[in-house]
2 protein chains.
Amino acid sequence: MPTPAEAEFLRLDRQICFSLHAASRAFNGVYRVLLKDLGLTYPQYLVMLVLWEHGELPVKTLGEHLRLDSGTLSPLLKRLEAAGYVQRERSAADERSVLVRLTETGTELRSRALRVPRRIAGATGFELEELRELRARLDRLTAALDEAARHLEE
Amino acid sequence: MPTPAEAEFLRLDRQICFSLHAASRAFNGVYRVLLKDLGLTYPQYLVMLVLWEHGELPVKTLGEHLRLDSGTLSPLLKRLEAAGYVQRERSAADERSVLVRLTETGTELRSRALRVPRRIAGATGFELEELRELRARLDRLTAALDEAARHLEE
DNA sequence: CGCAACTTAGTTGTGCACAATTGAATTGTA
DNA sequence: TACAATTCAATTGTGCACAACTAAGTTGCG
């Protein structure tokens with residue numbers, strides 16, 4: 001009794017999407033260990049990276065960089081504010097917008113974060129070039145999936 | 001003033017881990033659309049895949065297949081039970097263990113899930129061979145990261 | 001100028017991920 | 001057999017992701 005093609009897909013498929021899911025959580029696990037000293041979670045670290053690079057930003061722009069919406073960012077930024085790393089202030093120029101900026105403590109945190117990336121890269125056991133290629137492939141995958149999701153919703 | 005090497009890493013690193021994070025969420029988005037009809041979330045779908053393949057399993061074993069712990073699975077399985085797709089019953093042979101099995105409704109759901117994988121594979125725009133290769137690479141990445149996390153914690 | 005449409009952030013609710021703890025039951029060992 | 005160690009699930013608490021909705025403010029058009 002041969003396994004039907006669709007059922008075979010069902011198994012293969014689980015392994016593909018599942019691998020991505022697992023890799024994402026595995027990354028998270030390593031970051032959790034490395035960021036504990038800094039008092040940051042991985043998504044909080046991403047926010048800090050963007051702020052270290054770009055300085056003061058409205059929440060909207062921050063979300064565009066990270067592909068996160070305000071429902072995720074609002075409470076996250078409140079926690080970063082409570083930790084003393086950022087300040088939030090409604091823009092004077094456009095009162096719809098809330099500006100996020102680093103505090104002095106938050107700015108200083110950067111120097112302690114500098115050692116994280118190399119340790120992460122080391123943890124993967126991948127060469128830089130291989131990481132670069134993987135990233136390119138994942139970005140292409142993400143773009144295709146986003147496109148597909150848009151079409152499917154209509 | 002040249003950018004220090006560590007700072008350069010800081011940017012590159014963000015893009016690598018970030019790509020993975022984004023791809024995982026993008027997959028989630030497509031699954032959300034495709035699974036809405038079945039009344040399943042993506043992690044619930046994973047649980048159903050394992051049950052369709054292996055039949056009745058203790059929660060512990062289910063978690064090993066999916067790399068999820070009981071803190072995640074317990075409430076998830078309660079929701080699947082409330083939806084009428086699974087039953088939970090404490091094992092008679094070993095009363096520490098709770099067995100999860102499909103209900104008739106849950107078993108029948110499989111036929112409606114059969115079309116999902118092909119649509120997902122299509123949404124990626126990747127050839128089957130490319131998906132296979134990506135999966136292998138991600139699995140290797142996950143193994144390395146898990147290994148690193150174990151060492152770092154000590 | 002005034003109002004409708006839009007933009008933006010916040011809030012609320014659901015669900016997943018995971019750490020830490022609890023409690024119950026089994027197993028191994030003296 | 002009795003008890004200590006282990007196993008396992010559940011619970012609790014924190015944080016992220018996202019959808020749906022609210023509220024407030026701005027912009028653009030008539």
# chains A, B, ... in the order shown; residues from 1 in each chain; ligands from 1

call {"tool": "closest_atom_pairs", "arguments": {"of": "chain C", "to": "chain B", "cutoff": "8 Å", "atoms": "only C-alpha atoms (C1' of nucleotides)", "output": "Markdown table"}}
result
| residue | atom | partner | partner_atom | distance |
| --- | --- | --- | --- | --- |
| C:DC16 | C1' | B:Thr72 | CA | 6.9 |
| C:DA17 | C1' | B:Thr72 | CA | 6.5 |
| C:DC18 | C1' | B:Gly71 | CA | 7.4 |
| C:DA24 | C1' | B:Arg96 | CA | 7.5 |
| C:DA25 | C1' | B:Arg96 | CA | 5.7 |
| C:DT26 | C1' | B:Arg96 | CA | 7.8 |

call {"tool": "write_last_selection", "arguments": {"atoms": "C-alpha atoms (C1' of nucleotides)", "output": "mmCIF file, in the first residue's frame"}}
result
data_model
loop_
_atom_site.group_PDB
_atom_site.id
_atom_site.type_symbol
_atom_site.label_atom_id
_atom_site.label_comp_id
_atom_site.auth_asym_id
_atom_site.auth_seq_id
_atom_site.Cartn_x
_atom_site.Cartn_y
_atom_site.Cartn_z
ATOM 1 C "C1'" DC C 16 2.832 30.482 22.076
ATOM 2 C "C1'" DA C 17 7.672 30.003 24.533
ATOM 3 C "C1'" DC C 18 9.958 29.166 28.479
ATOM 4 C "C1'" DA C 24 2.175 13.364 42.585
ATOM 5 C "C1'" DA C 25 3.816 9.016 41.333
ATOM 6 C "C1'" DT C 26 7.440 5.698 40.146
#

call {"tool": "select_by_dssp", "arguments": {"residues": "region 29-103 of chain B", "states": "strand (DSSP E)", "output": "list in words"}}
result
Leu57, Pro58, Val86, Gln87, Arg88, Glu89, Arg90, Val98, Leu99, Val100, Arg101 and Leu102 of chain B

call {"tool": "interface_residues", "arguments": {"of": "chain D", "to": "chain A", "cutoff": "7 Å", "atoms": "only C-alpha atoms (C1' of nucleotides)", "output": "PyMOL selection string"}}
result
chain D and resi 16-17+25

call {"tool": "closest_atom_pairs", "arguments": {"of": "chain A", "to": "chain B", "cutoff": "7 Å", "atoms": "only C-alpha atoms", "output": "JSON lines"}}
result
{"residue": "A:Glu6", "atom": "CA", "partner": "B:Leu114", "partner_atom": "CA", "distance": 5.9}
{"residue": "A:Ala7", "atom": "CA", "partner": "B:Leu114", "partner_atom": "CA", "distance": 6.5}
{"residue": "A:Phe9", "atom": "CA", "partner": "B:Pro117", "partner_atom": "CA", "distance": 6.0}
{"residue": "A:Leu10", "atom": "CA", "partner": "B:Pro117", "partner_atom": "CA", "distance": 5.7}
{"residue": "A:Asp13", "atom": "CA", "partner": "B:Pro117", "partner_atom": "CA", "distance": 5.6}
{"residue": "A:Ile16", "atom": "CA", "partner": "B:Arg135", "partner_atom": "CA", "distance": 5.4}
{"residue": "A:Ser19", "atom": "CA", "partner": "B:Arg135", "partner_atom": "CA", "distance": 5.9}
{"residue": "A:Leu20", "atom": "CA", "partner": "B:Ser24", "partner_atom": "CA", "distance": 6.1}
{"residue": "A:His21", "atom": "CA", "partner": "B:Ser24", "partner_atom": "CA", "distance": 5.8}
{"residue": "A:Ala22", "atom": "CA", "partner": "B:Thr142", "partner_atom": "CA", "distance": 6.7}
{"residue": "A:Ala23", "atom": "CA", "partner": "B:Thr142", "partner_atom": "CA", "distance": 4.8}
{"residue": "A:Ser24", "atom": "CA", "partner": "B:His21", "partner_atom": "CA", "distance": 5.8}
{"residue": "A:Ala26", "atom": "CA", "partner": "B:Thr142", "partner_atom": "CA", "distance": 5.7}
{"residue": "A:Phe27", "atom": "CA", "partner": "B:Leu145", "partner_atom": "CA", "distance": 6.4}
{"residue": "A:Gly29", "atom": "CA", "partner": "B:Ala149", "partner_atom": "CA", "distance": 6.6}
{"residue": "A:Val30", "atom": "CA", "partner": "B:Ala149", "partner_atom": "CA", "distance": 5.0}
{"residue": "A:Val33", "atom": "CA", "partner": "B:Glu153", "partner_atom": "CA", "distance": 6.8}
{"residue": "A:Leu114", "atom": "CA", "partner": "B:Glu6", "partner_atom": "CA", "distance": 5.9}
{"residue": "A:Pro117", "atom": "CA", "partner": "B:Asp13", "partner_atom": "CA", "distance": 5.6}
{"residue": "A:Arg118", "atom": "CA", "partner": "B:Phe9", "partner_atom": "CA", "distance": 6.8}
{"residue": "A:Ala123", "atom": "CA", "partner": "B:Ala148", "partner_atom": "CA", "distance": 5.3}
{"residue": "A:Thr124", "atom": "CA", "partner": "B:Ala144", "partner_atom": "CA", "distance": 5.4}
{"residue": "A:Gly125", "atom": "CA", "partner": "B:Ala144", "partner_atom": "CA", "distance": 6.3}
{"residue": "A:Leu131", "atom": "CA", "partner": "B:Ile16", "partner_atom": "CA", "distance": 6.9}
{"residue": "A:Arg135", "atom": "CA", "partner": "B:Ile16", "partner_atom": "CA", "distance": 5.4}
{"residue": "A:Leu138", "atom": "CA", "partner": "B:Ser19", "partner_atom": "CA", "distance": 6.0}
{"residue": "A:Asp139", "atom": "CA", "partner": "B:Ser19", "partner_atom": "CA", "distance": 6.0}
{"residue": "A:Leu141", "atom": "CA", "partner": "B:Thr124", "partner_atom": "CA", "distance": 5.8}
{"residue": "A:Thr142", "atom": "CA", "partner": "B:Ala23", "partner_atom": "CA", "distance": 4.8}
{"residue": "A:Ala144", "atom": "CA", "partner": "B:Thr124", "partner_atom": "CA", "distance": 5.4}
{"residue": "A:Leu145", "atom": "CA", "partner": "B:Thr124", "partner_atom": "CA", "distance": 5.5}
{"residue": "A:Asp146", "atom": "CA", "partner": "B:Ala26", "partner_atom": "CA", "distance": 6.0}
{"residue": "A:Ala148", "atom": "CA", "partner": "B:Ala123", "partner_atom": "CA", "distance": 5.3}
{"residue": "A:Ala149", "atom": "CA", "partner": "B:Val30", "partner_atom": "CA", "distance": 5.1}
{"residue": "A:Glu153", "atom": "CA", "partner": "B:Val33", "partner_atom": "CA", "distance": 6.8}

call {"tool": "select_by_dssp", "arguments": {"residues": "chain A", "states": "alpha helix (DSSP H)", "output": "number ranges by chain"}}
result
A: 5-35, 42-54, 59-66, 70-82, 104-113, 116-124, 128-153

call {"tool": "write_last_selection", "arguments": {"atoms": "C-alpha atoms", "output": "compact mmCIF listing (two decimals), in the first residue's frame"}}
result
# COMPACT_ATOMS: atom_id res chain seq x y z
CA ALA A 5 1.72 11.83 -2.53
CA GLU A 6 -0.18 14.34 -0.41
CA ALA A 7 0.53 12.41 2.75
CA GLU A 8 4.20 12.30 1.84
CA PHE A 9 4.08 16.07 1.48
CA LEU A 10 2.49 16.26 4.89
CA ARG A 11 5.55 14.70 6.47
CA LEU A 12 8.11 16.60 4.42
CA ASP A 13 6.33 19.84 5.01
CA ARG A 14 6.38 19.42 8.71
CA GLN A 15 10.09 19.01 8.60
CA ILE A 16 10.70 22.16 6.58
CA CYS A 17 8.57 24.64 8.47
CA PHE A 18 9.45 22.90 11.67
CA SER A 19 13.18 23.30 11.05
CA LEU A 20 12.75 27.02 10.70
CA HIS A 21 10.67 27.22 13.84
CA ALA A 22 13.21 25.18 15.76
CA ALA A 23 16.16 27.22 14.49
CA SER A 24 14.43 30.42 15.50
CA ARG A 25 13.87 29.12 19.01
CA ALA A 26 17.43 27.79 19.21
CA PHE A 27 18.76 31.24 18.34
CA ASN A 28 16.51 32.66 20.98
CA GLY A 29 17.96 30.25 23.52
CA VAL A 30 21.54 31.35 22.85
CA TYR A 31 20.58 35.01 22.93
CA ARG A 32 18.76 34.48 26.20
CA VAL A 33 21.97 33.25 27.80
CA LEU A 34 24.19 35.94 26.27
CA LEU A 35 21.81 38.82 26.95
CA TYR A 42 16.19 39.14 22.19
CA PRO A 43 13.44 41.39 20.79
CA GLN A 44 14.51 44.13 23.20
CA TYR A 45 18.08 43.70 21.94
CA LEU A 46 16.82 44.15 18.37
CA VAL A 47 15.16 47.42 19.37
CA MET A 48 18.36 48.61 21.02
CA LEU A 49 20.38 47.71 17.91
CA VAL A 50 18.11 49.88 15.78
CA LEU A 51 18.30 52.75 18.25
CA TRP A 52 22.10 52.50 18.52
CA GLU A 53 22.29 52.67 14.77
CA HIS A 54 19.68 55.33 14.04
CA VAL A 59 7.63 53.97 17.17
CA LYS A 60 6.22 53.60 13.69
CA THR A 61 9.65 53.79 12.04
CA LEU A 62 11.14 51.49 14.64
CA GLY A 63 8.43 48.97 13.80
CA GLU A 64 9.19 49.24 10.11
CA HIS A 65 12.84 48.42 10.72
CA LEU A 66 11.90 45.39 12.80
CA SER A 70 2.75 48.76 17.98
CA GLY A 71 0.87 45.99 19.74
CA THR A 72 4.21 44.28 20.19
CA LEU A 73 6.37 47.37 20.58
CA SER A 74 4.28 49.38 23.03
CA PRO A 75 4.60 47.05 26.00
CA LEU A 76 8.17 46.15 25.00
CA LEU A 77 9.17 49.83 24.97
CA LYS A 78 7.47 50.36 28.31
CA ARG A 79 9.64 47.63 29.76
CA LEU A 80 12.75 49.19 28.22
CA GLU A 81 11.68 52.52 29.70
CA ALA A 82 11.12 50.92 33.11
CA GLU A 104 22.49 57.78 28.85
CA THR A 105 22.35 54.31 30.43
CA GLY A 106 20.91 52.88 27.24
CA THR A 107 23.62 54.49 25.14
CA GLU A 108 26.32 53.16 27.44
CA LEU A 109 24.87 49.64 27.20
CA ARG A 110 26.13 49.44 23.63
CA SER A 111 29.72 48.91 24.67
CA ARG A 112 28.70 45.83 26.64
CA ALA A 113 26.66 44.54 23.70
CA VAL A 116 27.54 39.56 21.71
CA PRO A 117 27.55 39.24 17.90
CA ARG A 118 30.90 37.51 17.69
CA ARG A 119 29.82 35.02 20.32
CA ILE A 120 26.58 34.38 18.44
CA ALA A 121 28.40 33.91 15.17
CA GLY A 122 30.74 31.53 16.94
CA ALA A 123 27.82 29.60 18.41
CA THR A 124 26.44 28.87 14.95
CA LEU A 128 30.69 34.27 7.73
CA GLU A 129 30.09 33.60 4.07
CA GLU A 130 27.75 30.73 4.83
CA LEU A 131 25.79 32.93 7.24
CA ARG A 132 25.55 35.58 4.56
CA GLU A 133 24.21 33.09 2.05
CA LEU A 134 21.72 31.66 4.53
CA ARG A 135 20.50 35.15 5.32
CA ALA A 136 19.97 35.92 1.64
CA ARG A 137 18.00 32.71 1.21
CA LEU A 138 15.86 33.41 4.26
CA ASP A 139 15.14 36.95 3.09
CA ARG A 140 14.01 35.61 -0.27
CA LEU A 141 11.84 33.07 1.53
CA THR A 142 10.30 35.75 3.73
CA ALA A 143 9.51 37.96 0.76
CA ALA A 144 7.83 35.09 -1.06
CA LEU A 145 5.81 34.12 2.00
CA ASP A 146 4.70 37.70 2.65
CA GLU A 147 3.66 38.00 -0.96
CA ALA A 148 1.72 34.72 -0.77
CA ALA A 149 0.01 35.73 2.47
CA ARG A 150 -1.16 38.96 0.88
CA HIS A 151 -2.66 37.12 -2.09
CA LEU A 152 -4.27 34.44 0.05
CA GLU A 153 -6.04 36.92 2.25

call {"tool": "atom_distance", "arguments": {"atom1": "C1' of DT7 (chain D)", "atom2": "CA of Arg88 (chain B)"}}
result
19.1 Å

call {"tool": "atom_distance", "arguments": {"atom1": "C1' of DG10 (chain C)", "atom2": "CA of Gly39 (chain A)"}}
result
25.2 Å

call {"tool": "atom_distance", "arguments": {"atom1": "CA of Thr103 (chain A)", "atom2": "C1' of DT14 (chain D)"}}
result
24.1 Å
